[in-house]
>>> print(open('data_12.txt').read())   # compact mmCIF, C-alpha atoms
# COMPACT_ATOMS: atom_id res chain seq x y z
CA MET V 1 5.65 -38.31 -89.21
CA TYR V 2 3.70 -41.23 -90.69
CA PHE V 3 1.21 -38.89 -92.30
CA LEU V 4 3.95 -36.64 -93.70
CA SER V 5 5.71 -39.64 -95.26
CA ILE V 6 2.48 -40.68 -97.00
CA CYS V 7 2.02 -37.11 -98.25
CA LYS V 8 5.54 -37.16 -99.69
CA ILE V 9 4.91 -40.49 -101.45
CA ILE V 10 1.63 -39.27 -102.97
CA GLN V 11 3.23 -36.03 -104.07
CA ASN V 12 6.02 -37.97 -105.83
CA ILE V 13 3.41 -40.16 -107.56
CA LEU V 14 1.54 -37.13 -108.85
CA ILE V 15 4.67 -35.33 -110.02
CA ASN V 16 6.58 -38.26 -111.50
CA ARG V 17 3.77 -40.41 -112.88
CA LEU V 18 0.92 -38.08 -113.67
CA TYR V 19 3.00 -34.96 -114.28
CA VAL V 20 0.79 -32.91 -112.00
CA ASN V 21 2.41 -30.45 -109.63
CA ILE V 22 0.40 -29.78 -106.47
CA PRO V 23 1.87 -27.73 -103.61
CA PRO V 24 2.59 -29.60 -100.32
CA MET V 25 -0.39 -28.06 -98.51
CA GLY V 26 -2.69 -29.13 -101.36
CA ILE V 27 -1.34 -32.68 -101.10
CA LYS V 28 -2.04 -32.74 -97.36
CA ILE V 29 -5.62 -31.63 -97.93
CA ILE V 30 -6.10 -34.27 -100.65
CA ILE V 31 -4.66 -37.01 -98.42
CA LEU V 32 -6.81 -35.98 -95.48
CA LEU V 33 -9.87 -36.13 -97.73
CA ILE V 34 -8.86 -39.51 -99.13
CA ILE V 35 -8.11 -41.03 -95.74
CA SER V 36 -11.57 -39.95 -94.69
CA PHE V 37 -13.28 -42.16 -97.27
CA GLY V 38 -12.86 -45.52 -99.13
CA LEU V 39 -13.57 -48.87 -100.94
CA ASP V 40 -11.91 -52.21 -101.72
CA ALA V 41 -10.36 -53.53 -104.97
CA ARG V 42 -7.48 -55.48 -106.56
CA PRO V 43 -6.23 -57.19 -103.39
CA ILE V 44 -3.29 -58.98 -105.05
CA SER V 45 -0.65 -57.51 -107.32
CA TYR V 46 1.67 -59.25 -109.80
CA SER V 47 4.54 -61.36 -108.41
CA GLY V 48 6.92 -59.08 -106.53
CA GLY V 49 4.55 -56.12 -106.67
CA SER V 50 3.60 -53.84 -103.80
CA THR V 51 0.45 -51.81 -103.36
CA ILE V 52 -0.40 -48.99 -101.02
CA MET V 53 -4.04 -48.08 -100.66
CA SER V 54 -6.12 -45.78 -98.59
CA PHE V 55 -9.85 -46.26 -98.23
CA SER V 56 -12.70 -45.72 -95.87
CA ASP V 57 -16.43 -45.74 -95.63
CA ASN V 58 -18.96 -44.64 -93.05
CA ILE V 59 -17.57 -47.04 -90.42
CA LYS V 60 -13.80 -46.89 -90.84
CA ASP V 61 -10.75 -45.18 -92.34
CA SER V 62 -7.91 -47.39 -93.44
CA LEU V 63 -4.40 -47.32 -94.79
CA TYR V 64 -3.24 -50.64 -96.21
CA TYR V 65 0.06 -51.82 -97.64
CA HIS V 66 0.42 -55.25 -99.20
CA TYR V 67 3.13 -57.21 -100.97
CA SER V 68 2.47 -60.07 -103.40
CA PRO V 69 5.18 -62.76 -103.48
CA SER V 70 3.03 -64.42 -106.13
CA TYR V 71 -0.01 -63.39 -108.18
CA LYS V 72 -1.93 -65.92 -106.06
CA TYR V 73 -1.61 -64.26 -102.66
CA SER V 74 -0.62 -61.13 -100.82
CA VAL V 75 0.38 -60.28 -97.26
CA GLY V 76 0.02 -56.86 -95.74
CA ILE V 77 -0.59 -54.54 -92.85
CA GLU V 78 -3.67 -52.39 -92.50
CA ASN V 79 -4.03 -49.55 -90.06
CA ILE V 80 -7.63 -48.77 -89.12
CA ARG V 81 -9.39 -45.88 -87.49
CA ASP V 82 -12.69 -47.39 -86.46
CA LYS V 83 -15.22 -44.58 -86.64
CA TYR V 84 -18.13 -46.62 -85.40
CA PHE V 85 -16.50 -47.84 -82.15
CA ASP V 86 -14.06 -44.91 -81.90
CA ASP V 87 -11.00 -47.16 -81.82
CA ASN V 88 -7.61 -47.59 -83.51
CA TYR V 89 -5.95 -50.89 -84.37
CA SER V 90 -4.10 -52.78 -87.11
CA TYR V 91 -4.59 -55.99 -89.03
CA VAL V 92 -2.00 -58.38 -90.40
CA ARG V 93 -3.75 -59.39 -93.59
CA PHE V 94 -3.62 -62.33 -95.96
CA THR V 95 -5.45 -62.51 -99.27
CA TYR V 96 -5.57 -65.58 -101.47
CA LEU V 97 -6.69 -65.88 -105.08
CA LEU V 98 -9.05 -68.80 -104.83
CA ASN V 99 -10.03 -68.90 -108.46
CA ARG V 100 -9.21 -67.07 -111.67
CA LYS V 101 -10.61 -67.64 -115.13
CA ASN V 102 -8.91 -65.85 -118.01
CA THR V 103 -10.54 -65.73 -121.42
CA GLU V 104 -9.72 -63.65 -124.46
CA ASN V 105 -12.24 -61.01 -123.48
CA SER V 106 -12.71 -61.37 -119.75
CA GLN V 107 -11.20 -62.17 -116.39
CA ARG V 108 -13.01 -63.57 -113.37
CA ASN V 109 -11.51 -63.60 -109.87
CA LEU V 110 -12.51 -64.95 -106.50
CA TYR V 111 -10.48 -63.94 -103.47
CA LEU V 112 -10.41 -65.12 -99.89
CA GLN V 113 -9.37 -62.48 -97.38
CA SER V 114 -8.51 -62.59 -93.71
CA GLY V 115 -6.84 -60.52 -91.02
CA ILE V 116 -5.74 -60.81 -87.39
CA SER V 117 -6.01 -57.73 -85.22
CA SER V 118 -3.26 -56.12 -83.16
CA LYS V 119 -5.80 -56.31 -80.30
CA GLY V 120 -5.38 -60.08 -80.09
CA PHE V 121 -6.06 -63.38 -81.82
CA ASN V 122 -9.73 -63.31 -80.82
CA GLU V 123 -10.26 -60.21 -82.95
CA PHE V 124 -10.12 -60.95 -86.67
CA PHE V 125 -12.01 -60.85 -89.94
CA TYR V 126 -12.53 -63.14 -92.89
CA GLY V 127 -14.41 -62.83 -96.11
CA MET V 128 -14.54 -63.21 -99.80
CA HIS V 129 -14.75 -60.93 -102.74
CA GLY V 130 -14.95 -61.51 -106.42
CA ASP V 131 -15.21 -59.79 -109.74
CA TRP V 132 -15.78 -60.45 -113.41
CA GLU V 133 -14.74 -57.93 -115.97
CA THR V 134 -14.32 -57.30 -119.66
CA ARG V 135 -12.90 -54.11 -121.10
CA ARG V 136 -16.45 -52.73 -121.12
CA LEU V 137 -18.29 -54.34 -118.18
CA PHE V 138 -17.57 -54.99 -114.51
CA VAL V 139 -19.45 -56.97 -111.86
CA GLY V 140 -18.13 -57.38 -108.31
CA PHE V 141 -19.18 -58.38 -104.82
CA GLY V 142 -17.72 -58.62 -101.31
CA LEU V 143 -18.74 -60.42 -98.10
CA LYS V 144 -16.92 -59.91 -94.82
CA GLU V 145 -17.36 -61.03 -91.21
CA THR V 146 -15.56 -59.13 -88.47
CA LYS V 147 -15.14 -60.53 -84.95
CA ARG V 148 -14.51 -57.98 -82.23
CA LYS V 149 -14.78 -58.10 -78.43
CA ILE V 150 -17.13 -55.12 -78.51
CA HIS V 151 -19.42 -56.37 -81.27
CA ASP V 152 -19.28 -58.77 -84.22
CA TYR V 153 -20.57 -57.49 -87.53
CA SER V 154 -20.82 -58.34 -91.20
CA GLU V 155 -20.54 -56.28 -94.35
CA GLN V 156 -21.52 -56.93 -97.94
CA TYR V 157 -21.47 -55.06 -101.21
CA TYR V 158 -22.40 -55.63 -104.84
CA GLN V 159 -21.17 -53.52 -107.70
CA ILE V 160 -21.75 -53.26 -111.45
CA GLY V 161 -20.06 -50.92 -113.88
CA VAL V 162 -19.57 -49.91 -117.46
CA ALA V 163 -16.65 -48.19 -119.18
CA PRO V 164 -18.04 -45.29 -121.24
CA TYR V 165 -15.06 -45.50 -123.61
CA LEU V 166 -12.27 -48.03 -124.20
CA GLY V 167 -8.93 -46.39 -123.57
CA ASP V 168 -5.63 -47.62 -124.90
CA TYR V 169 -2.80 -48.84 -122.67
CA GLY V 170 -1.48 -45.83 -120.72
CA ASP V 171 -4.60 -43.70 -121.21
CA LEU V 172 -6.84 -42.45 -118.44
CA HIS V 173 -9.48 -45.15 -117.96
CA THR V 174 -12.91 -44.40 -116.53
CA TRP V 175 -15.66 -46.58 -115.09
CA ILE V 176 -19.18 -45.57 -114.14
CA MET V 177 -20.56 -47.88 -111.49
CA ILE V 178 -23.46 -48.55 -109.19
CA LYS V 179 -22.72 -49.97 -105.76
CA ALA V 180 -25.05 -51.35 -103.11
CA LYS V 181 -23.69 -52.04 -99.63
CA GLU V 182 -24.93 -53.02 -96.22
CA ASN V 183 -23.45 -53.70 -92.79
CA SER V 184 -25.10 -55.37 -89.80
CA LEU V 185 -24.17 -52.50 -87.47
CA GLU V 186 -26.50 -50.10 -89.20
CA ASN V 187 -28.61 -52.77 -90.85
CA LYS V 188 -29.50 -50.67 -93.86
CA TRP V 189 -28.71 -50.83 -97.55
CA SER V 190 -27.39 -47.91 -99.48
CA THR V 191 -27.11 -47.80 -103.25
CA TYR V 192 -25.14 -45.08 -104.93
CA PRO V 193 -23.03 -44.16 -107.99
CA VAL V 194 -19.28 -44.73 -108.03
CA LEU V 195 -16.72 -43.30 -110.41
CA LYS V 196 -13.47 -45.15 -110.93
CA PHE V 197 -10.43 -43.72 -112.69
CA PHE V 198 -7.04 -45.20 -113.32
CA LYS V 199 -3.96 -44.21 -115.22
CA GLY V 200 -0.67 -46.02 -115.09
CA ASN V 201 -0.15 -47.33 -111.58
CA VAL V 202 -2.66 -45.04 -109.89
CA LEU V 203 -6.32 -45.89 -109.27
CA MET V 204 -9.01 -43.75 -107.65
CA GLU V 205 -12.65 -44.50 -106.83
CA PHE V 206 -15.23 -42.06 -105.58
CA GLY V 207 -18.72 -42.91 -104.43
CA TYR V 208 -21.33 -40.86 -102.62
CA SER V 209 -24.53 -41.77 -100.89
CA LYS V 210 -26.76 -39.51 -98.81
CA LYS V 211 -27.09 -42.27 -96.20
CA THR V 212 -23.45 -43.25 -95.84
CA GLU V 213 -21.75 -40.22 -97.39
CA TRP V 214 -18.41 -40.67 -99.15
CA ASP V 215 -16.60 -43.78 -100.31
CA VAL V 216 -13.20 -43.03 -101.80
CA HIS V 217 -10.34 -45.36 -102.56
CA LEU V 218 -6.86 -44.42 -103.67
CA MET V 219 -4.39 -47.05 -104.76
CA TYR V 220 -0.82 -46.97 -106.04
CA ARG V 221 0.97 -50.07 -107.26
CA PHE V 222 4.75 -50.35 -107.58
CA MET S 1 -23.46 -64.89 -94.20
CA LYS S 2 -21.18 -67.77 -93.11
CA LYS S 3 -23.21 -70.19 -95.21
CA ILE S 4 -22.89 -67.97 -98.27
CA LEU S 5 -19.11 -67.73 -97.78
CA LEU S 6 -18.72 -71.48 -97.39
CA LEU S 7 -20.89 -72.14 -100.44
CA LEU S 8 -18.80 -69.75 -102.52
CA VAL S 9 -15.52 -71.38 -101.37
CA PHE S 10 -16.69 -74.86 -102.34
CA THR S 11 -18.24 -73.71 -105.61
CA SER S 12 -15.02 -71.98 -106.61
CA MET S 13 -13.00 -75.17 -106.05
CA THR S 14 -14.87 -76.92 -108.84
CA TRP S 15 -15.34 -73.87 -111.02
CA GLY S 16 -12.87 -72.50 -113.50
CA GLU S 17 -9.43 -73.80 -114.16
CA PRO S 18 -5.92 -72.81 -113.15
CA PRO S 19 -4.49 -70.02 -115.32
CA HIS S 20 -1.74 -72.18 -116.82
CA ASP S 21 -4.19 -74.58 -118.46
CA HIS S 22 -4.62 -72.48 -121.56
CA MET S 23 -1.40 -73.13 -123.44
CA HIS S 24 -1.77 -74.14 -127.06
CA HIS S 25 0.97 -73.66 -129.62
CA SER S 26 4.49 -72.37 -129.57
CA HIS S 27 5.61 -70.67 -132.76
CA GLU S 28 9.05 -69.57 -131.68
CA GLY S 29 11.55 -68.89 -134.40
CA HIS S 30 9.03 -68.95 -137.23
CA LEU S 31 7.35 -66.30 -139.26
CA HIS S 32 3.69 -67.15 -139.58
CA GLU S 33 0.79 -65.13 -140.80
CA GLU S 34 -1.46 -67.92 -139.66
CA LEU S 35 -1.18 -70.31 -136.77
CA VAL S 36 -1.06 -74.04 -137.46
CA ASP S 37 -4.77 -74.31 -136.76
CA GLY S 38 -5.50 -71.71 -139.44
CA LYS S 39 -6.24 -68.97 -136.95
CA LYS S 40 -4.92 -65.60 -138.04
CA LEU S 41 -2.76 -63.57 -135.69
CA GLU S 42 -4.35 -60.15 -135.65
CA VAL S 43 -1.83 -57.38 -135.24
CA ASP S 44 -2.90 -53.81 -135.70
CA PRO S 45 -0.66 -52.80 -138.68
CA GLU S 46 -0.55 -49.13 -137.69
CA ARG S 47 0.41 -49.98 -134.13
CA PHE S 48 2.99 -52.49 -135.31
CA ASP S 49 4.59 -49.97 -137.70
CA LYS S 50 4.78 -47.41 -134.91
CA PHE S 51 6.32 -49.99 -132.58
CA ILE S 52 9.10 -50.99 -135.01
CA MET S 53 9.79 -47.46 -136.27
CA ASP S 54 13.01 -46.96 -134.28
CA LEU S 55 14.08 -50.61 -134.16
CA LYS S 56 16.93 -52.19 -136.14
CA ASP S 57 18.34 -55.74 -136.10
CA SER S 58 15.41 -56.87 -134.05
CA GLN S 59 12.83 -59.59 -133.91
CA ILE S 60 9.36 -59.06 -132.54
CA ALA S 61 7.48 -61.61 -130.48
CA VAL S 62 3.75 -61.05 -130.91
CA VAL S 63 2.14 -62.80 -127.97
CA ASN S 64 -1.56 -63.55 -127.68
CA VAL S 65 -2.65 -63.16 -124.04
CA LYS S 66 -5.83 -64.25 -122.27
CA GLY S 67 -7.21 -62.27 -119.36
CA MET S 68 -5.53 -58.99 -120.25
CA VAL S 69 -8.68 -56.92 -119.96
CA CYS S 70 -7.54 -53.96 -117.96
CA ASP S 71 -4.67 -51.50 -118.13
CA PHE S 72 -4.09 -51.60 -114.38
CA CYS S 73 -3.79 -55.41 -114.46
CA ALA S 74 -1.41 -55.42 -117.44
CA ARG S 75 1.11 -53.11 -115.75
CA GLY S 76 2.99 -56.05 -114.27
CA ILE S 77 3.59 -57.53 -117.73
CA GLU S 78 5.39 -54.40 -118.87
CA LYS S 79 7.39 -54.21 -115.63
CA THR S 80 8.43 -57.85 -115.76
CA PHE S 81 9.66 -57.71 -119.36
CA LYS S 82 11.44 -54.40 -118.86
CA LYS S 83 13.57 -56.08 -116.20
CA ASP S 84 14.83 -58.50 -118.87
CA THR S 85 17.98 -56.99 -120.40
CA ASN S 86 17.33 -58.86 -123.67
CA VAL S 87 14.12 -56.92 -124.21
CA LYS S 88 14.57 -53.77 -126.28
CA LYS S 89 10.98 -52.56 -126.23
CA ILE S 90 7.51 -53.68 -125.22
CA ASP S 91 3.99 -52.65 -126.12
CA VAL S 92 0.67 -53.79 -124.69
CA ASP S 93 -2.32 -53.79 -127.03
CA LEU S 94 -5.40 -54.15 -124.83
CA SER S 95 -7.87 -53.99 -127.71
CA LYS S 96 -6.36 -57.05 -129.45
CA GLY S 97 -5.10 -58.82 -126.32
CA LYS S 98 -1.54 -58.80 -127.64
CA VAL S 99 1.87 -58.04 -126.19
CA LEU S 100 4.61 -57.01 -128.61
CA ILE S 101 8.15 -57.65 -127.37
CA ALA S 102 11.24 -56.57 -129.31
CA TYR S 103 14.44 -58.58 -128.86
CA ASN S 104 17.83 -58.37 -130.49
CA VAL S 105 17.87 -60.48 -133.66
CA ALA S 106 20.54 -62.81 -132.22
CA TYR S 107 18.52 -63.66 -129.11
CA GLU S 108 16.78 -67.02 -129.00
CA ILE S 109 13.17 -66.40 -128.05
CA ILE S 110 11.76 -69.16 -125.90
CA PHE S 111 7.98 -69.18 -125.67
CA ASP S 112 7.99 -71.00 -122.31
CA ASP S 113 9.99 -68.14 -120.77
CA ILE S 114 7.47 -65.63 -122.09
CA LYS S 115 4.58 -67.75 -120.86
CA GLU S 116 6.13 -67.88 -117.40
CA LYS S 117 6.68 -64.12 -117.28
CA ILE S 118 3.05 -63.49 -118.24
CA LEU S 119 1.77 -66.13 -115.85
CA ILE S 120 3.47 -64.52 -112.83
CA ASN S 121 1.36 -61.50 -113.64
CA GLY S 122 -1.76 -63.69 -113.56
CA GLN S 123 -2.54 -63.87 -117.29
CA ASN S 124 -2.04 -66.62 -119.87
CA ALA S 125 0.07 -66.43 -123.01
CA ILE S 126 -1.55 -68.79 -125.50
CA ASP S 127 0.21 -68.23 -128.83
CA MET S 128 3.26 -66.48 -130.17
CA GLN S 129 4.45 -65.35 -133.55
CA VAL S 130 8.01 -64.14 -134.14
CA ILE S 131 8.56 -61.56 -136.84
CA ASN S 132 12.10 -60.76 -137.98
CA LEU S 133 12.64 -57.18 -139.12
>>> encode(input="data_12.txt", output="structure tokens")
Amino acid sequence: MYFLSICKIIQNILINRLYVNIPPMGIKIIILLIISFGLDARPISYSGGSTIMSFSDNIKDSLYYHYSPSYKYSVGIENIRDKYFDDNYSYVRFTYLLNRKNTENSQRNLYLQSGISSKGFNEFFYGMHGDWETRRLFVGFGLKETKRKIHDYSEQYYQIGVAPYLGDYGDLHTWIMIKAKENSLENKWSTYPVLKFFKGNVLMEFGYSKKTEWDVHLMYRF
Amino acid sequence: MKKILLLLVFTSMTWGEPPHDHMHHSHEGHLHEELVDGKKLEVDPERFDKFIMDLKDSQIAVVNVKGMVCDFCARGIEKTFKKDTNVKKIDVDLSKGKVLIAYNVAYEIIFDDIKEKILINGQNAIDMQVINL
């Protein structure tokens, strides 16, 4: 039921916003693929804005909804399928914009993120991620500590990107990026290319590494 | 890892400035080709002509915005202004960092209201020029 509702939402986005008509079975396949992969980005929307995002990597699949009462923070719920420990649980999440610097040609952000697990108050995560971007360049990083009864672990990533062309407002925008990530469970770094596309309220990121396989992130803001 | 996180939190407290610290001049109700400090307001003439093509009895607020570097981040600006029934039309010019807002000619444009609407999206409006059609 939950999955079918998500499929319906995504289908509406594609039809109404991107004017692309994909049959229901095609949508289900796309969603299954997307939920199997993922990344992290834009954790806070504008005041009153909501965001639904699906992402995963080699250790988890996630579906995350958040609402931003202000551009400075967001609250949300994230449902996780933990691939590494073969477990399912949810987080109540809070993200806070610690610092933002706007200039005429750039924006820099630093976010604090945290979440408490449905498994109990002694299972949680906290971390920080940040980015700096112009219309042409992007630099980002993320650090995260997760506390679990089974095993604590940490994750980190660093990302740089360039926009091959500068699109106008409403155009399809494209970023070519390089991402390096590591987690203490596997204790190995992987560096791989990432492609990011966005148009209107829809954003998609795809990354692939031989070591960690796919990273894909889908996001819709409304 | 914990040390790095703590260091970043403390560094960020002293870094940067809050987004609303960038306000300079209000030019509401005036038609200026230059701001009071001599700085020219750059509006793409072709884009401006296209924007006003179907507008009558209107005034255009040309707002200079800091931090508007990405389409995805500027979406909220368009949404916020479209909710305002006094707004006839809006255009976001990412290349010049400008937002063009068309109001009815009788409406009193208040720069502080515009600044607030842009700030709730996380960007800073720094200057405004009003052009009567």
>>> atom_distance(input="data_12.txt", atom1="CA of Arg135 in chain V", atom2="CA of Ser106 in chain V")
7.4 Å
>>> residues_around(input="data_12.txt", residues="His129 in chain V", least_positions_apart="2", cutoff="9 Å", atoms="all atoms listed in the file", output="compact mmCIF listing (two decimals) with C-alpha atoms, in the frame of the given file")
# COMPACT_ATOMS: atom_id res chain seq x y z
CA ALA V 41 -10.36 -53.53 -104.97
CA ASN V 109 -11.51 -63.60 -109.87
CA LEU V 110 -12.51 -64.95 -106.50
CA TYR V 111 -10.48 -63.94 -103.47
CA LEU V 112 -10.41 -65.12 -99.89
CA GLN V 113 -9.37 -62.48 -97.38
CA GLY V 127 -14.41 -62.83 -96.11
CA ASP V 131 -15.21 -59.79 -109.74
CA GLY V 140 -18.13 -57.38 -108.31
CA PHE V 141 -19.18 -58.38 -104.82
CA GLY V 142 -17.72 -58.62 -101.31
CA LEU V 143 -18.74 -60.42 -98.10
CA LYS V 144 -16.92 -59.91 -94.82
>>> closest_atom_pairs(input="data_12.txt", of="chain S", to="chain V", cutoff="6 Å", atoms="only C-alpha atoms", output="tab-separated table")
residue	atom	partner	partner_atom	distance
S:Gly16	CA	V:Lys101	CA	5.6
S:Lys66	CA	V:Glu104	CA	4.5
S:Gly67	CA	V:Asn102	CA	4.2
S:Val69	CA	V:Arg135	CA	5.2
S:Asp71	CA	V:Tyr169	CA	5.6
S:Gly76	CA	V:Tyr46	CA	5.7
S:Ile120	CA	V:Ser47	CA	5.5
S:Asn121	CA	V:Tyr46	CA	4.5
S:Gly122	CA	V:Tyr71	CA	5.7
>>> write_last_selection(input="data_12.txt", atoms="C-alpha atoms", output="tab-separated table (two decimals), keeping the file's coordinate frame")
chain	number	residue	atom	x	y	z
S	16	GLY	CA	-12.87	-72.50	-113.50
S	66	LYS	CA	-5.83	-64.25	-122.27
S	67	GLY	CA	-7.21	-62.27	-119.36
S	69	VAL	CA	-8.68	-56.92	-119.96
S	71	ASP	CA	-4.67	-51.50	-118.13
S	76	GLY	CA	2.99	-56.05	-114.27
S	120	ILE	CA	3.47	-64.52	-112.83
S	121	ASN	CA	1.36	-61.50	-113.64
S	122	GLY	CA	-1.76	-63.69	-113.56
>>> atom_distance(input="data_12.txt", atom1="CA of Gln129 in chain S", atom2="CA of Arg75 in chain S")
21.9 Å
>>> atom_distance(input="data_12.txt", atom1="CA of Val75 in chain V", atom2="CA of Phe94 in chain V")
4.7 Å
>>> residues_around(input="data_12.txt", residues="range 181-195 of chain V", least_positions_apart="4", cutoff="9 Å", atoms="all atoms listed in the file", output="list in words")
Tyr84, His151, Asp152, Tyr153, Ser154, Glu155, Gln156, Tyr157, Tyr158, Gln159, Gly161, Thr174, Trp175, Ile176, Met177, Met204, Glu205, Phe206, Gly207, Tyr208, Ser209, Lys210, Lys211, Thr212, Asp215 and Val216 of chain V
>>> closest_residue(input="data_12.txt", among="S:Asp54, S:Val92, S:Asp112, S:Val43", to="Cys73 in chain S", atoms="all atoms listed in the file")
S:Val92
>>> decode(input="data_12.txt", residues="range 165-188 of chain V", atoms="N, CA and C atoms", output="PDB file, in the first residue's frame")
ATOM      1  N   TYR V 165      27.248  23.233 -18.342  1.00  0.00           N
ATOM      2  CA  TYR V 165      26.613  24.389 -18.991  1.00  0.00           C
ATOM      3  C   TYR V 165      25.774  25.096 -17.928  1.00  0.00           C
ATOM      4  N   LEU V 166      25.488  26.376 -18.145  1.00  0.00           N
ATOM      5  CA  LEU V 166      24.673  27.124 -17.187  1.00  0.00           C
ATOM      6  C   LEU V 166      23.266  27.277 -17.736  1.00  0.00           C
ATOM      7  N   GLY V 167      22.352  26.525 -17.196  1.00  0.00           N
ATOM      8  CA  GLY V 167      20.971  26.573 -17.670  1.00  0.00           C
ATOM      9  C   GLY V 167      20.225  27.756 -17.081  1.00  0.00           C
ATOM     10  N   ASP V 168      19.183  28.142 -17.766  1.00  0.00           N
ATOM     11  CA  ASP V 168      18.316  29.217 -17.274  1.00  0.00           C
ATOM     12  C   ASP V 168      17.311  28.619 -16.280  1.00  0.00           C
ATOM     13  N   TYR V 169      16.614  29.495 -15.590  1.00  0.00           N
ATOM     14  CA  TYR V 169      15.598  29.058 -14.624  1.00  0.00           C
ATOM     15  C   TYR V 169      14.534  28.222 -15.355  1.00  0.00           C
ATOM     16  N   GLY V 170      14.288  27.016 -14.872  1.00  0.00           N
ATOM     17  CA  GLY V 170      13.293  26.141 -15.498  1.00  0.00           C
ATOM     18  C   GLY V 170      13.889  25.126 -16.461  1.00  0.00           C
ATOM     19  N   ASP V 171      15.153  25.321 -16.841  1.00  0.00           N
ATOM     20  CA  ASP V 171      15.806  24.359 -17.737  1.00  0.00           C
ATOM     21  C   ASP V 171      16.199  23.089 -16.980  1.00  0.00           C
ATOM     22  N   LEU V 172      16.618  22.097 -17.729  1.00  0.00           N
ATOM     23  CA  LEU V 172      17.232  20.921 -17.109  1.00  0.00           C
ATOM     24  C   LEU V 172      18.670  21.291 -16.747  1.00  0.00           C
ATOM     25  N   HIS V 173      19.021  21.153 -15.484  1.00  0.00           N
ATOM     26  CA  HIS V 173      20.374  21.480 -15.021  1.00  0.00           C
ATOM     27  C   HIS V 173      21.150  20.183 -14.782  1.00  0.00           C
ATOM     28  N   THR V 174      22.425  20.225 -15.109  1.00  0.00           N
ATOM     29  CA  THR V 174      23.249  19.021 -15.011  1.00  0.00           C
ATOM     30  C   THR V 174      24.543  19.323 -14.250  1.00  0.00           C
ATOM     31  N   TRP V 175      24.949  18.401 -13.407  1.00  0.00           N
ATOM     32  CA  TRP V 175      26.231  18.513 -12.706  1.00  0.00           C
ATOM     33  C   TRP V 175      27.018  17.227 -12.906  1.00  0.00           C
ATOM     34  N   ILE V 176      28.299  17.384 -13.158  1.00  0.00           N
ATOM     35  CA  ILE V 176      29.200  16.230 -13.215  1.00  0.00           C
ATOM     36  C   ILE V 176      30.073  16.300 -11.967  1.00  0.00           C
ATOM     37  N   MET V 177      30.054  15.219 -11.187  1.00  0.00           N
ATOM     38  CA  MET V 177      30.723  15.276  -9.888  1.00  0.00           C
ATOM     39  C   MET V 177      31.630  14.067  -9.649  1.00  0.00           C
ATOM     40  N   ILE V 178      32.519  14.265  -8.694  1.00  0.00           N
ATOM     41  CA  ILE V 178      33.332  13.159  -8.185  1.00  0.00           C
ATOM     42  C   ILE V 178      33.053  13.061  -6.692  1.00  0.00           C
ATOM     43  N   LYS V 179      32.782  11.849  -6.240  1.00  0.00           N
ATOM     44  CA  LYS V 179      32.485  11.666  -4.815  1.00  0.00           C
ATOM     45  C   LYS V 179      33.422  10.603  -4.228  1.00  0.00           C
ATOM     46  N   ALA V 180      33.887  10.883  -3.018  1.00  0.00           N
ATOM     47  CA  ALA V 180      34.677   9.888  -2.284  1.00  0.00           C
ATOM     48  C   ALA V 180      33.960   9.622  -0.973  1.00  0.00           C
ATOM     49  N   LYS V 181      33.743   8.371  -0.635  1.00  0.00           N
ATOM     50  CA  LYS V 181      33.047   8.078   0.625  1.00  0.00           C
ATOM     51  C   LYS V 181      33.671   6.877   1.329  1.00  0.00           C
ATOM     52  N   GLU V 182      33.409   6.853   2.631  1.00  0.00           N
ATOM     53  CA  GLU V 182      33.982   5.785   3.455  1.00  0.00           C
ATOM     54  C   GLU V 182      33.063   5.547   4.645  1.00  0.00           C
ATOM     55  N   ASN V 183      32.939   4.296   5.070  1.00  0.00           N
ATOM     56  CA  ASN V 183      32.248   4.039   6.343  1.00  0.00           C
ATOM     57  C   ASN V 183      33.081   3.067   7.162  1.00  0.00           C
ATOM     58  N   SER V 184      32.932   3.151   8.501  1.00  0.00           N
ATOM     59  CA  SER V 184      33.810   2.368   9.374  1.00  0.00           C
ATOM     60  C   SER V 184      33.409   0.887   9.421  1.00  0.00           C
ATOM     61  N   LEU V 185      32.252   0.551   8.858  1.00  0.00           N
ATOM     62  CA  LEU V 185      31.858  -0.859   8.815  1.00  0.00           C
ATOM     63  C   LEU V 185      32.731  -1.623   7.823  1.00  0.00           C
ATOM     64  N   GLU V 186      32.934  -1.005   6.689  1.00  0.00           N
ATOM     65  CA  GLU V 186      33.734  -1.664   5.648  1.00  0.00           C
ATOM     66  C   GLU V 186      35.172  -1.159   5.642  1.00  0.00           C
ATOM     67  N   ASN V 187      35.339   0.037   6.236  1.00  0.00           N
ATOM     68  CA  ASN V 187      36.670   0.616   6.378  1.00  0.00           C
ATOM     69  C   ASN V 187      37.443   0.708   5.063  1.00  0.00           C
ATOM     70  N   LYS V 188      36.735   1.159   4.036  1.00  0.00           N
ATOM     71  CA  LYS V 188      37.422   1.345   2.754  1.00  0.00           C
ATOM     72  C   LYS V 188      36.825   2.559   2.048  1.00  0.00           C
TER      73      LYS V 188
END
